[in-house]
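Chemist: This is the content of final-v3.cif (mmCIF, C-alpha atoms):
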```
data_coords
loop_
_atom_site.label_atom_id
_atom_site.label_comp_id
_atom_site.auth_asym_id
_atom_site.auth_seq_id
_atom_site.Cartn_x
_atom_site.Cartn_y
_atom_site.Cartn_z
CA MET A 1 -76.90 38.31 -7.95
CA LYS A 2 -74.45 38.97 -5.10
CA GLN A 3 -75.44 37.90 -1.62
CA PRO A 4 -75.82 40.78 0.85
CA VAL A 5 -73.06 41.15 3.39
CA SER A 6 -74.20 40.13 6.85
CA SER A 7 -73.61 42.32 9.87
CA ALA A 8 -71.38 39.66 11.44
CA SER A 9 -69.15 39.46 8.38
CA TYR A 10 -68.90 43.19 8.21
CA SER A 11 -67.84 43.43 11.86
CA SER A 12 -65.11 40.80 11.34
CA ALA A 13 -63.73 42.59 8.32
CA LEU A 14 -63.72 45.83 10.21
CA ARG A 15 -61.69 44.28 13.06
CA LYS A 16 -59.07 42.95 10.59
CA ALA A 17 -58.79 46.31 9.00
CA ARG A 18 -58.18 47.90 12.35
CA LEU A 19 -55.21 45.46 12.98
CA SER A 20 -53.36 46.30 9.79
CA PRO A 21 -51.70 49.50 11.14
CA LEU A 22 -50.27 47.42 14.00
CA LEU A 23 -48.92 44.82 11.62
CA PHE A 24 -47.39 47.51 9.43
CA THR A 25 -45.67 49.08 12.43
CA LEU A 26 -44.28 45.69 13.58
CA LEU A 27 -42.90 44.87 10.14
CA LEU A 28 -41.28 48.29 9.86
CA PHE A 29 -39.62 47.79 13.27
CA LEU A 30 -38.18 44.40 12.25
CA VAL A 31 -36.74 45.76 9.03
CA LEU A 32 -35.05 48.67 10.82
CA PHE A 33 -33.71 46.35 13.56
CA SER A 34 -32.19 43.94 11.05
CA LEU A 35 -30.50 46.79 9.21
CA LEU A 36 -28.98 48.15 12.41
CA TYR A 37 -27.97 44.90 14.17
CA GLY A 38 -28.00 42.15 11.54
CA GLU A 39 -24.22 42.24 11.05
CA ASP A 40 -23.65 41.70 14.79
CA PHE A 41 -25.97 38.69 14.78
CA ALA A 42 -24.18 37.24 11.75
CA ARG A 43 -20.83 37.64 13.53
CA LEU A 44 -22.16 35.85 16.60
CA ALA A 45 -23.56 33.04 14.46
CA GLY A 46 -20.21 32.70 12.68
CA GLN A 47 -18.38 32.47 16.00
CA ALA A 48 -20.73 29.71 17.10
CA GLU A 49 -20.09 27.83 13.83
CA ASP A 50 -16.32 28.27 14.30
CA ARG A 51 -16.61 26.77 17.79
CA ASN A 52 -18.51 23.79 16.39
CA ALA A 53 -15.92 23.32 13.65
CA ALA A 54 -13.11 23.51 16.20
CA THR A 55 -14.62 20.57 18.05
CA ARG A 56 -15.09 18.54 14.86
CA ILE A 57 -11.64 18.98 13.32
CA PRO A 58 -9.68 17.29 16.14
CA GLN A 59 -12.08 14.36 15.96
CA LEU A 60 -11.39 13.97 12.24
CA LYS A 61 -7.67 14.13 12.88
CA ARG A 62 -7.88 11.52 15.59
CA ARG A 63 -9.60 9.21 13.13
CA GLY A 64 -6.78 9.70 10.67
CA ALA A 65 -8.89 11.71 8.20
CA ARG A 66 -7.15 12.46 4.91
CA PRO A 67 -6.95 15.79 3.12
CA GLN A 68 -9.54 16.61 0.46
CA LYS A 69 -7.08 15.70 -2.29
CA LEU A 70 -4.09 13.43 -1.84
CA PRO A 71 -0.80 14.41 -3.49
CA PHE A 72 -0.44 13.04 -7.06
CA ALA A 73 -4.17 12.20 -7.27
CA VAL A 74 -5.87 13.23 -10.51
CA GLY A 75 -9.31 11.65 -10.10
CA GLU A 76 -11.39 8.92 -8.53
CA LEU A 77 -12.16 5.33 -9.39
CA ASP A 78 -15.90 5.18 -9.94
CA GLY A 79 -17.56 1.89 -9.17
CA GLY A 80 -20.83 2.90 -10.79
CA GLY A 81 -22.61 4.76 -8.03
CA GLY A 82 -20.11 4.06 -5.28
CA ARG A 83 -16.48 3.60 -4.36
CA CYS A 84 -14.54 0.75 -5.89
CA ASP A 85 -12.49 -1.65 -3.77
CA VAL A 86 -9.74 -2.51 -6.24
CA PHE A 87 -8.52 -5.34 -4.03
CA SER A 88 -11.81 -7.25 -4.25
CA GLY A 89 -12.12 -9.01 -7.57
CA ARG A 90 -11.09 -12.01 -9.67
CA TRP A 91 -8.40 -13.08 -12.09
CA VAL A 92 -9.34 -13.15 -15.78
CA LYS A 93 -7.34 -14.61 -18.64
CA ASP A 94 -5.89 -11.96 -20.94
CA GLU A 95 -3.83 -13.45 -23.76
CA SER A 96 -3.60 -10.20 -25.71
CA GLY A 97 -2.89 -7.70 -22.92
CA ARG A 98 -0.57 -9.70 -20.68
CA PRO A 99 2.28 -9.77 -19.93
CA LEU A 100 2.90 -6.03 -19.83
CA TYR A 101 6.48 -6.67 -21.03
CA GLU A 102 8.53 -9.71 -21.98
CA GLU A 103 11.22 -11.09 -19.72
CA TRP A 104 13.89 -10.59 -22.37
CA GLN A 105 12.88 -6.94 -22.80
CA CYS A 106 13.90 -6.02 -19.24
CA PRO A 107 17.62 -6.50 -18.60
CA TYR A 108 17.33 -5.46 -14.96
CA ILE A 109 15.48 -8.48 -13.55
CA GLN A 110 17.57 -10.46 -11.09
CA PRO A 111 18.33 -14.05 -12.14
CA GLN A 112 16.37 -15.28 -9.09
CA LEU A 113 13.21 -14.03 -10.83
CA THR A 114 13.83 -14.80 -14.52
CA CYS A 115 11.83 -18.00 -14.66
CA GLN A 116 11.81 -18.38 -18.45
CA VAL A 117 15.58 -18.03 -18.74
CA GLN A 118 15.94 -20.56 -15.93
CA GLY A 119 13.91 -23.12 -17.86
CA ARG A 120 10.27 -22.78 -16.88
CA PRO A 121 8.37 -24.50 -19.72
CA ASP A 122 4.93 -22.82 -19.36
CA LYS A 123 3.87 -19.16 -19.66
CA ASP A 124 0.23 -19.25 -18.60
CA TYR A 125 1.07 -17.57 -15.30
CA GLN A 126 1.95 -14.42 -17.27
CA HIS A 127 -1.46 -14.05 -18.92
CA TRP A 128 -3.73 -13.16 -16.02
CA ARG A 129 -5.21 -9.74 -15.31
CA TRP A 130 -6.77 -8.64 -12.02
CA GLN A 131 -10.37 -7.47 -12.47
CA PRO A 132 -12.02 -5.68 -9.50
CA HIS A 133 -15.70 -6.51 -9.06
CA ALA A 134 -17.00 -2.94 -9.09
CA CYS A 135 -14.75 -1.19 -11.63
CA SER A 136 -11.72 -1.66 -13.84
CA LEU A 137 -8.15 -0.80 -13.01
CA PRO A 138 -6.73 2.08 -15.02
CA SER A 139 -4.12 0.95 -17.51
CA PHE A 140 -0.58 1.41 -16.29
CA ASN A 141 0.84 4.46 -18.04
CA ALA A 142 4.63 4.61 -17.85
CA THR A 143 4.85 8.15 -19.22
CA MET A 144 2.28 9.42 -16.73
CA MET A 145 4.18 7.76 -13.90
CA LEU A 146 7.50 9.25 -14.96
CA GLU A 147 5.99 12.71 -15.40
CA ALA A 148 4.66 12.49 -11.86
CA LEU A 149 8.16 11.46 -10.73
CA ARG A 150 9.91 14.28 -12.58
CA GLY A 151 12.49 15.66 -10.15
CA LYS A 152 11.35 13.16 -7.50
CA ARG A 153 12.19 9.85 -5.82
CA LEU A 154 10.12 6.70 -5.44
CA MET A 155 11.54 4.27 -2.92
CA PHE A 156 10.57 0.70 -1.98
CA VAL A 157 11.69 -0.16 1.56
CA GLY A 158 11.61 -3.66 3.00
CA ASP A 159 12.66 -7.20 2.14
CA SER A 160 13.28 -9.21 -1.05
CA LEU A 161 9.58 -9.19 -1.92
CA ASN A 162 9.63 -5.41 -2.04
CA ARG A 163 12.81 -5.72 -4.08
CA GLY A 164 10.84 -7.82 -6.55
CA GLN A 165 8.21 -5.08 -6.76
CA PHE A 166 10.99 -2.55 -7.30
CA TYR A 167 12.34 -4.53 -10.29
CA SER A 168 8.80 -4.89 -11.63
CA MET A 169 8.36 -1.11 -11.50
CA VAL A 170 11.68 -0.58 -13.28
CA CYS A 171 10.61 -3.02 -16.01
CA LEU A 172 7.29 -1.22 -16.43
CA LEU A 173 9.00 2.16 -16.83
CA HIS A 174 12.36 1.68 -18.53
CA SER A 175 11.03 1.10 -22.08
CA VAL A 176 9.92 4.73 -22.43
CA VAL A 177 13.31 6.05 -21.28
CA PRO A 178 16.02 6.40 -23.97
CA ASN A 179 19.01 4.15 -23.45
CA GLU A 180 21.39 7.08 -22.95
CA SER A 181 19.14 8.49 -20.23
CA LYS A 182 18.78 5.48 -17.95
CA SER A 183 21.10 3.75 -15.53
CA MET A 184 20.97 1.18 -12.76
CA GLU A 185 23.27 1.32 -9.75
CA ILE A 186 23.12 -1.79 -7.60
CA ASN A 187 24.72 -1.07 -4.27
CA PHE A 188 25.68 -4.27 -2.51
CA GLY A 189 24.97 -2.46 0.72
CA SER A 190 21.34 -1.53 1.17
CA LEU A 191 20.43 0.80 -1.71
CA SER A 192 19.77 0.14 -5.41
CA THR A 193 18.78 2.98 -7.76
CA PHE A 194 17.33 3.16 -11.26
CA THR A 195 17.64 6.66 -12.72
CA ALA A 196 15.68 8.16 -15.62
CA LYS A 197 17.95 11.12 -16.30
CA ASN A 198 15.66 12.84 -18.81
CA TYR A 199 13.03 13.03 -16.05
CA ASN A 200 15.52 13.56 -13.21
CA ALA A 201 13.59 10.71 -11.55
CA SER A 202 14.85 7.92 -9.31
CA ILE A 203 13.23 4.59 -8.46
CA GLN A 204 15.01 2.99 -5.52
CA PHE A 205 15.04 -0.05 -3.28
CA TYR A 206 16.34 0.02 0.28
CA TRP A 207 16.97 -3.23 2.14
CA ALA A 208 15.47 -3.16 5.66
CA PRO A 209 13.56 -6.41 6.23
CA PHE A 210 12.30 -5.36 9.67
CA LEU A 211 12.32 -1.59 9.00
CA LEU A 212 14.03 -1.39 12.40
CA GLU A 213 17.74 -2.14 12.84
CA SER A 214 18.42 -5.88 13.08
CA ASN A 215 21.16 -8.47 12.82
CA SER A 216 19.82 -9.27 9.32
CA ASP A 217 20.55 -5.87 7.79
CA ASP A 218 23.37 -7.03 5.53
CA ALA A 219 21.81 -7.02 2.05
CA ILE A 220 23.95 -9.98 0.96
CA VAL A 221 24.71 -12.08 4.04
CA HIS A 222 21.52 -12.14 6.07
CA ARG A 223 20.48 -15.75 6.45
CA ILE A 224 20.47 -15.73 10.22
CA SER A 225 18.18 -18.13 12.04
CA ASP A 226 18.38 -16.36 15.41
CA ARG A 227 17.00 -12.99 14.36
CA ILE A 228 17.14 -10.00 16.70
CA VAL A 229 15.60 -6.55 16.26
CA ARG A 230 16.65 -3.42 18.17
CA ARG A 231 13.82 -1.52 19.83
CA GLY A 232 13.32 2.11 18.81
CA SER A 233 15.95 2.01 16.08
CA ILE A 234 14.04 3.04 12.96
CA ASN A 235 16.16 6.19 12.51
CA LYS A 236 19.15 3.96 11.73
CA HIS A 237 17.56 3.21 8.35
CA GLY A 238 15.21 6.18 8.26
CA GLU A 239 18.08 8.59 7.66
CA ASN A 240 18.24 7.11 4.16
CA TRP A 241 14.54 7.64 3.46
CA LYS A 242 14.45 11.37 4.09
CA GLY A 243 13.59 13.47 1.06
CA VAL A 244 11.76 10.65 -0.71
CA ASP A 245 8.51 11.71 -2.39
CA ILE A 246 6.74 8.32 -2.56
CA LEU A 247 7.58 5.61 -0.01
CA VAL A 248 6.37 2.02 -0.33
CA PHE A 249 6.99 -0.03 2.83
CA ASN A 250 6.64 -3.74 3.44
CA THR A 251 7.68 -6.02 6.27
CA TYR A 252 6.27 -9.41 7.20
CA LEU A 253 8.18 -12.49 6.11
CA TRP A 254 11.20 -11.94 8.34
CA TRP A 255 9.04 -11.73 11.44
CA MET A 256 7.80 -15.28 10.90
CA THR A 257 10.37 -17.09 13.04
CA GLY A 258 7.89 -18.62 15.44
CA LEU A 259 5.53 -17.39 18.11
CA THR A 260 8.05 -14.99 19.67
CA MET A 261 10.64 -12.48 18.50
CA LYS A 262 13.87 -11.42 20.20
CA ILE A 263 14.14 -7.69 20.92
CA LEU A 264 17.40 -5.99 21.87
CA GLU A 265 17.01 -3.18 24.39
CA GLY A 266 19.52 -0.34 24.41
CA GLU A 267 22.71 0.20 22.44
CA GLY A 268 24.45 -3.13 22.98
CA SER A 269 25.89 -5.35 20.25
CA PHE A 270 23.77 -7.98 18.53
CA ASN A 271 26.63 -10.42 18.95
CA GLU A 272 26.73 -10.07 22.73
CA ALA A 273 22.98 -10.65 22.94
CA LYS A 274 22.72 -8.86 26.28
CA ASP A 275 19.53 -7.08 27.31
CA VAL A 276 17.45 -9.23 24.98
CA VAL A 277 13.79 -9.80 25.73
CA GLU A 278 11.23 -11.87 23.90
CA LEU A 279 7.87 -10.55 22.75
CA THR A 280 5.07 -12.32 20.97
CA THR A 281 5.45 -11.86 17.24
CA GLU A 282 2.28 -9.75 17.15
CA ASP A 283 3.54 -7.41 19.90
CA ALA A 284 6.94 -7.09 18.23
CA TYR A 285 5.29 -6.34 14.89
CA ARG A 286 3.06 -3.73 16.52
CA MET A 287 6.16 -2.08 17.95
CA ALA A 288 7.62 -1.79 14.45
CA MET A 289 4.38 -0.43 12.98
CA LYS A 290 4.16 2.27 15.66
CA ASP A 291 7.76 3.27 14.99
CA MET A 292 7.19 3.40 11.24
CA LEU A 293 4.10 5.59 11.60
CA ARG A 294 5.86 7.87 14.07
CA TRP A 295 8.79 8.23 11.67
CA VAL A 296 6.44 9.15 8.81
CA GLN A 297 4.68 11.71 11.00
CA ASP A 298 7.97 13.30 12.03
CA ASN A 299 9.75 13.24 8.66
CA MET A 300 7.24 13.35 5.79
CA ASP A 301 5.23 16.33 4.56
CA LEU A 302 2.05 14.48 3.64
CA THR A 303 0.65 17.49 1.81
CA LYS A 304 3.30 16.85 -0.86
CA THR A 305 4.33 13.21 -0.45
CA ARG A 306 2.66 9.80 -0.28
CA VAL A 307 3.28 6.73 1.85
CA PHE A 308 2.10 3.21 0.99
CA PHE A 309 2.24 -0.03 2.94
CA THR A 310 2.06 -3.37 1.12
CA SER A 311 0.40 -6.16 3.06
CA MET A 312 1.87 -9.63 3.56
CA SER A 313 2.85 -11.61 0.49
CA PRO A 314 1.58 -15.20 0.79
CA SER A 315 3.67 -18.29 0.19
CA HIS A 316 2.41 -21.71 -0.90
CA GLN A 317 4.46 -24.19 1.09
CA LYS A 318 1.74 -26.70 2.00
CA SER A 319 -0.30 -28.36 -0.73
CA GLN A 320 -2.90 -29.53 1.77
CA ASP A 321 -3.90 -25.87 2.23
CA TRP A 322 -5.62 -25.96 -1.17
CA GLY A 323 -6.95 -29.50 -0.83
CA ALA A 324 -4.15 -31.41 -2.58
CA GLU A 325 -2.25 -34.40 -1.25
CA PRO A 326 0.12 -33.51 1.63
CA GLY A 327 3.83 -33.25 0.95
CA GLY A 328 3.66 -30.92 -2.00
CA ASN A 329 4.07 -27.18 -2.46
CA CYS A 330 4.09 -24.72 -5.36
CA TYR A 331 6.37 -26.97 -7.41
CA ASN A 332 4.79 -27.95 -10.72
CA GLN A 333 1.70 -25.83 -10.03
CA THR A 334 0.43 -24.25 -13.24
CA THR A 335 -3.14 -23.34 -12.25
CA MET A 336 -4.40 -20.92 -9.63
CA ILE A 337 -6.62 -21.55 -6.62
CA GLU A 338 -10.26 -20.90 -7.54
CA ASP A 339 -11.82 -20.86 -4.06
CA PRO A 340 -12.62 -17.14 -3.47
CA ASN A 341 -12.42 -17.67 0.30
CA TYR A 342 -9.02 -19.36 0.27
CA TRP A 343 -6.62 -18.27 2.99
CA GLY A 344 -3.35 -20.17 3.40
CA SER A 345 -1.92 -21.29 6.72
CA ASP A 346 1.19 -19.18 6.15
CA CYS A 347 -0.73 -15.89 6.40
CA ARG A 348 -1.11 -15.05 10.07
CA LYS A 349 -4.35 -13.19 10.60
CA GLY A 350 -3.03 -11.85 13.91
CA ILE A 351 -0.41 -9.85 12.01
CA MET A 352 -3.04 -8.58 9.58
CA GLN A 353 -5.17 -7.51 12.55
CA VAL A 354 -2.27 -5.63 14.15
CA LEU A 355 -1.56 -3.86 10.88
CA GLY A 356 -5.21 -2.90 10.42
CA GLU A 357 -5.51 -1.59 13.97
CA GLU A 358 -2.37 0.53 13.81
CA LEU A 359 -3.23 2.07 10.44
CA ALA A 360 -6.80 2.79 11.53
CA GLU A 361 -5.79 4.45 14.80
CA SER A 362 -2.99 6.52 13.31
CA GLU A 363 -3.29 10.20 12.39
CA VAL A 364 -0.85 9.53 9.55
CA SER A 365 -2.21 9.13 6.04
CA VAL A 366 -0.85 5.80 4.76
CA THR A 367 -2.38 4.10 1.71
CA PHE A 368 -2.77 0.35 2.27
CA LEU A 369 -2.00 -1.95 -0.66
CA ASN A 370 -3.91 -5.07 0.31
CA ILE A 371 -2.34 -7.60 -2.04
CA THR A 372 -2.65 -10.62 0.27
CA GLN A 373 -5.95 -12.16 -0.81
CA LEU A 374 -5.52 -11.64 -4.54
CA SER A 375 -1.99 -13.08 -4.35
CA SER A 376 -3.15 -16.05 -2.28
CA TYR A 377 -4.87 -17.53 -5.34
CA ARG A 378 -1.61 -17.53 -7.34
CA LYS A 379 0.17 -20.73 -6.40
CA ASP A 380 1.14 -20.91 -10.08
CA ALA A 381 3.17 -17.68 -10.11
CA HIS A 382 6.13 -18.51 -7.83
CA THR A 383 9.67 -18.97 -9.08
CA SER A 384 9.62 -22.55 -7.78
CA ILE A 385 12.77 -24.31 -9.08
CA TYR A 386 13.15 -21.91 -12.02
CA LYS A 387 15.65 -19.50 -10.52
CA LYS A 388 19.41 -19.16 -10.30
CA GLN A 389 20.77 -21.41 -7.57
CA TRP A 390 23.71 -19.76 -5.85
CA LEU A 391 24.86 -23.00 -4.23
CA PRO A 392 25.17 -26.41 -5.93
CA LEU A 393 22.19 -28.69 -5.35
CA SER A 394 22.75 -32.05 -3.73
CA PRO A 395 21.72 -35.31 -5.42
CA GLU A 396 18.97 -35.65 -2.81
CA GLN A 397 17.59 -32.20 -3.70
CA LEU A 398 17.74 -32.87 -7.41
CA ALA A 399 15.81 -36.07 -6.86
CA ASN A 400 13.11 -34.19 -4.96
CA PRO A 401 12.41 -30.75 -6.51
CA VAL A 402 9.82 -29.97 -3.84
CA SER A 403 12.67 -29.74 -1.34
CA TYR A 404 14.28 -26.72 -2.98
CA SER A 405 11.31 -25.11 -4.67
CA ASP A 406 11.00 -21.39 -3.84
CA CYS A 407 7.36 -20.78 -2.98
CA VAL A 408 7.96 -17.30 -1.58
CA HIS A 409 9.20 -15.21 -4.50
CA TRP A 410 7.43 -14.50 -7.80
CA CYS A 411 8.43 -14.75 -11.45
CA LEU A 412 8.78 -11.57 -13.50
CA PRO A 413 6.87 -10.65 -15.51
CA GLY A 414 4.00 -11.83 -13.41
CA LEU A 415 2.04 -11.20 -10.25
CA GLN A 416 4.12 -8.30 -8.93
CA ASP A 417 3.30 -6.27 -12.03
CA THR A 418 -0.29 -6.35 -10.76
CA TRP A 419 0.90 -5.02 -7.40
CA ASN A 420 2.34 -2.05 -9.27
CA GLU A 421 -0.83 -1.59 -11.28
CA LEU A 422 -2.63 -1.32 -7.94
CA LEU A 423 0.01 1.12 -6.68
CA PHE A 424 -0.50 3.19 -9.84
CA ALA A 425 -4.28 3.15 -9.33
CA LYS A 426 -4.08 4.19 -5.67
CA LEU A 427 -1.48 6.86 -6.37
CA PHE A 428 -3.45 8.66 -9.08
CA TYR A 429 -7.06 7.65 -8.43
CA THR A 430 -8.33 7.83 -4.85
#
```
Output the structure of this file as structure tokens.

Modeler:
Amino acid sequence: MKQPVSSASYSSALRKARLSPLLFTLLLFLVLFSLLYGEDFARLAGQAEDRNAATRIPQLKRRGARPQKLPFAVGELDGGGGRCDVFSGRWVKDESGRPLYEEWQCPYIQPQLTCQVQGRPDKDYQHWRWQPHACSLPSFNATMMLEALRGKRLMFVGDSLNRGQFYSMVCLLHSVVPNESKSMEINFGSLSTFTAKNYNASIQFYWAPFLLESNSDDAIVHRISDRIVRRGSINKHGENWKGVDILVFNTYLWWMTGLTMKILEGEGSFNEAKDVVELTTEDAYRMAMKDMLRWVQDNMDLTKTRVFFTSMSPSHQKSQDWGAEPGGNCYNQTTMIEDPNYWGSDCRKGIMQVLGEELAESEVSVTFLNITQLSSYRKDAHTSIYKKQWLPLSPEQLANPVSYSDCVHWCLPGLQDTWNELLFAKLFYT
């Protein structure tokens, strides 16, 4: 049985009913208003959003933000829920997959880097693969690389370590190019060029150990102890880099002459040594980095091209750095350094800091190839005494191989193939 409606409830319902015409009128007014003026409000809102975007975009540019998709990129390296730092990892033995080519299969390697031909008895240094902690490196694909370079130029610019990386890249690519379609032109000036004619592709090396003009610019005769660099002179070499599609810079080793560096002001001759000032090595290096980044900004279309910078290549001149008896170096070293925190005394952190600061503050999109730490473990991979000696060795040197062991450069095949695997990964997978 239904409960009777009380007089109070009835009065309340009656009041609500009386409000409904007012609500109906209000709703009708809002609908008509939105139809008449909604477009104007949307335009005003869009203008406000545009103003907000205009204030954000310069901030992104000042932080050196990169475009949504970098040229040549085809995908991303997935670290399983996050980005993968390909430079953080460990070396793993890979007897079946390494080396990526045999020394005898690549006729282009300079005799300073052909360690097996020069008598090195072991090959373990060839059988290591770099394994990032959070992902795996994509396999180097020579055909994919050459297709990307079709009608284009890849140039390595820097010192003899970048030249080693250049020869490594040539060795990684040349096997898929028919013999009649490939050529190597070694210019005893500054430029060497490997050409894959069927791809209309060029892989080049340009000698410029400081990037700026210096008294060490002769590609053959450059062993000068009193090194001098000309301020603001990057265009001297930069004229030869114009039109390149992928640039890979390096410069470090030649700056390591002490705590200061001589800088030539103006247009005077290096031989006269007038108007020379001295800067700390870090300040001089910063000067070069600023000039390099300014040149890239002025001369490269970064919507179509890519620029890389390879960090310092470590040497292993002091055995005490890795806890061995003093007086030794990389000579006779056949195992790597296992301490994950190892950092040799030859790698100046001040230079690394300068490089990091300049790249971070720049508006220019430069991809950093941080090969320093992973290469620091590889005291076993240097050419040591197993290289062509251009001058006869003295009896004293022959009696003490440590005295002439090269602990700067690297055997090929070997470590520098990994540098190019990292270049491949960062070129195609962001």

Chemist: What is the CA of Gly97 in chain A to CA of Asp124 in chain A distance in Å?

Modeler: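 So the two atoms, CA of Gly97 in chain A and CA of Asp124 in chain A, lie 12.7 Å apart.
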
Chemist: Just say which residues the PyMOL selection byres ((chain A and resi 300) around 10) picks in this file, as a short mmCIF file (atom, residue, chain, number, x, y, z; two decimals) with C-alpha atoms, keeping the file's coordinate frame.

Modeler:
```cif
data_model
loop_
_atom_site.label_atom_id
_atom_site.label_comp_id
_atom_site.auth_asym_id
_atom_site.auth_seq_id
_atom_site.Cartn_x
_atom_site.Cartn_y
_atom_site.Cartn_z
CA TRP A 241 14.54 7.64 3.46
CA LYS A 242 14.45 11.37 4.09
CA GLY A 243 13.59 13.47 1.06
CA VAL A 244 11.76 10.65 -0.71
CA ASP A 245 8.51 11.71 -2.39
CA ILE A 246 6.74 8.32 -2.56
CA LEU A 247 7.58 5.61 -0.01
CA TRP A 295 8.79 8.23 11.67
CA VAL A 296 6.44 9.15 8.81
CA GLN A 297 4.68 11.71 11.00
CA ASP A 298 7.97 13.30 12.03
CA ASN A 299 9.75 13.24 8.66
CA ASP A 301 5.23 16.33 4.56
CA LEU A 302 2.05 14.48 3.64
CA THR A 303 0.65 17.49 1.81
CA LYS A 304 3.30 16.85 -0.86
CA THR A 305 4.33 13.21 -0.45
CA ARG A 306 2.66 9.80 -0.28
CA VAL A 307 3.28 6.73 1.85
CA VAL A 364 -0.85 9.53 9.55
#
```

Chemist: Report the distance between CA of Met256 in chain A and CA of Leu423 in chain A in Å, rounded to one decimal place.

Modeler: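 According to the coordinates, CA of Met256 in chain A and CA of Leu423 in chain A are separated by 25.3 Å.
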
Chemist: Counting all atoms listed in the file, figure out which residue out of A:Leu264, A:Met145, A:Met155, A:Met312 gets nearest to Asn240 in chain A.

Modeler: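 For Asn240 in chain A, the nearest of the given residues is A:Met155.
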
Chemist: What is the distance between CA of Ser311 in chain A and CA of Asp346 in chain A, in Å to one decimal?

Modeler: 13.4 Å

Chemist: Nearest to Ala134 in chain A: which of A:Cys84, A:Cys115, A:Leu391, A:Leu173 is it, counting all atoms listed in the file?

Modeler: A:Cys84

Chemist: Which residues are close to range 174-183 of chain A, i.e. within 9 Å by only C-alpha atoms, leaving aside same-chain residues fewer than 6 positions away? Reply as a compact mmCIF listing (two decimals) with C-alpha atoms, in the coordinates of the input.

Modeler:
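New file selection_25.txt:
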```txt
# COMPACT_ATOMS: atom_id res chain seq x y z
CA GLN A 105 12.88 -6.94 -22.80
CA CYS A 106 13.90 -6.02 -19.24
CA ALA A 142 4.63 4.61 -17.85
CA THR A 143 4.85 8.15 -19.22
CA THR A 193 18.78 2.98 -7.76
CA PHE A 194 17.33 3.16 -11.26
CA THR A 195 17.64 6.66 -12.72
CA ALA A 196 15.68 8.16 -15.62
CA LYS A 197 17.95 11.12 -16.30
CA ASN A 198 15.66 12.84 -18.81
CA TYR A 199 13.03 13.03 -16.05
```

Chemist: Need to verify the contact set: Gln131 in chain A, 9 Å, all atoms listed in the file, exclusion of same-chain residues closer than 2 positions in sequence. Can you return it as a list in words?

Modeler: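 The neighbour list is Val86, Phe87, Ser88, Gly89, Arg90, Trp91, Val92, Arg129, His133, Ala134, Cys135, Ser136 and Leu137 of chain A.
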
Chemist: Step by step: start from the point (2.5, -7.3, 16.1) in the file's coordinates, keep every protein, DNA or RNA residue that has an atom no farther than 9 Å from it, count only C-alpha atoms, and write the set as a list in words.

Modeler: Thr280, Thr281, Glu282, Asp283, Ala284, Tyr285, Arg286, Met287, Ala288, Met289, Gly350, Ile351, Met352, Gln353, Val354 and Leu355 of chain A

Chemist: Counting only C-alpha atoms, what is within 9 Å of range 204-218 of chain A, bar same-chain residues fewer than 3 positions away, as a PyMOL selection string?

Modeler: chain A and resi 153-160+162-163+166-167+188-195+221-224+226-238+240-241+249-255+264+270-271+285+288-289+291-292

Chemist: Contacts of Asn400 in chain A at 12 Å or less, counting only C-alpha atoms, minus same-chain residues fewer than 2 places along, as JSON, numbers by chain?

Modeler: {"A": [327, 328, 329, 331, 332, 385, 393, 394, 395, 396, 397, 398, 402, 403, 404, 405]}

Chemist: Keeping only C-alpha atoms, take the residues you just selected and write them out as a compact mmCIF listing (two decimals), keeping the file's coordinate frame.

Modeler:
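As a result, result.txt now contains:
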```txt
# COMPACT_ATOMS: atom_id res chain seq x y z
CA GLY A 327 3.83 -33.25 0.95
CA GLY A 328 3.66 -30.92 -2.00
CA ASN A 329 4.07 -27.18 -2.46
CA TYR A 331 6.37 -26.97 -7.41
CA ASN A 332 4.79 -27.95 -10.72
CA ILE A 385 12.77 -24.31 -9.08
CA LEU A 393 22.19 -28.69 -5.35
CA SER A 394 22.75 -32.05 -3.73
CA PRO A 395 21.72 -35.31 -5.42
CA GLU A 396 18.97 -35.65 -2.81
CA GLN A 397 17.59 -32.20 -3.70
CA LEU A 398 17.74 -32.87 -7.41
CA VAL A 402 9.82 -29.97 -3.84
CA SER A 403 12.67 -29.74 -1.34
CA TYR A 404 14.28 -26.72 -2.98
CA SER A 405 11.31 -25.11 -4.67
```

Chemist: What does the PyMOL selection byres ((chain A and resi 140) around 7) select in this file, as a count of residues only?

Modeler: 6

Chemist: Could you tell me, as a PDB file with C-alpha atoms, in the frame of the given file, exactly which residues end up selected when the PyMOL selection byres ((chain A and resi 322) around 8) is applied to this structure?

Modeler:
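Wrote it out as out_19.pdb, contents follow:
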```pdb
ATOM      1  CA  SER A 319      -0.300 -28.360  -0.730  1.00  0.00           C
ATOM      2  CA  GLN A 320      -2.900 -29.530   1.770  1.00  0.00           C
ATOM      3  CA  ASP A 321      -3.900 -25.870   2.230  1.00  0.00           C
ATOM      4  CA  GLY A 323      -6.950 -29.500  -0.830  1.00  0.00           C
ATOM      5  CA  ALA A 324      -4.150 -31.410  -2.580  1.00  0.00           C
ATOM      6  CA  ILE A 337      -6.620 -21.550  -6.620  1.00  0.00           C
ATOM      7  CA  TYR A 342      -9.020 -19.360   0.270  1.00  0.00           C
ATOM      8  CA  GLY A 344      -3.350 -20.170   3.400  1.00  0.00           C
TER       9      GLY A 344
END
```

Chemist: Can you work out which one of A:Leu113, A:Ala219, A:Ile263, A:Ile371 has the shortest atom-to-atom distance to Asn420 in chain A, counting all atoms listed in the file?

Modeler: A:Ile371

Chemist: For Leu279 in chain A, work out the shell of residues within 9 Å, counting all atoms listed in the file and skipping chain neighbours fewer than 6 positions away, then give it as a compact mmCIF listing (two decimals) with C-alpha atoms, in the coordinates of the input.

Modeler:
```
# COMPACT_ATOMS: atom_id res chain seq x y z
CA LEU A 259 5.53 -17.39 18.11
CA THR A 260 8.05 -14.99 19.67
CA MET A 261 10.64 -12.48 18.50
CA LYS A 262 13.87 -11.42 20.20
CA ILE A 263 14.14 -7.69 20.92
```
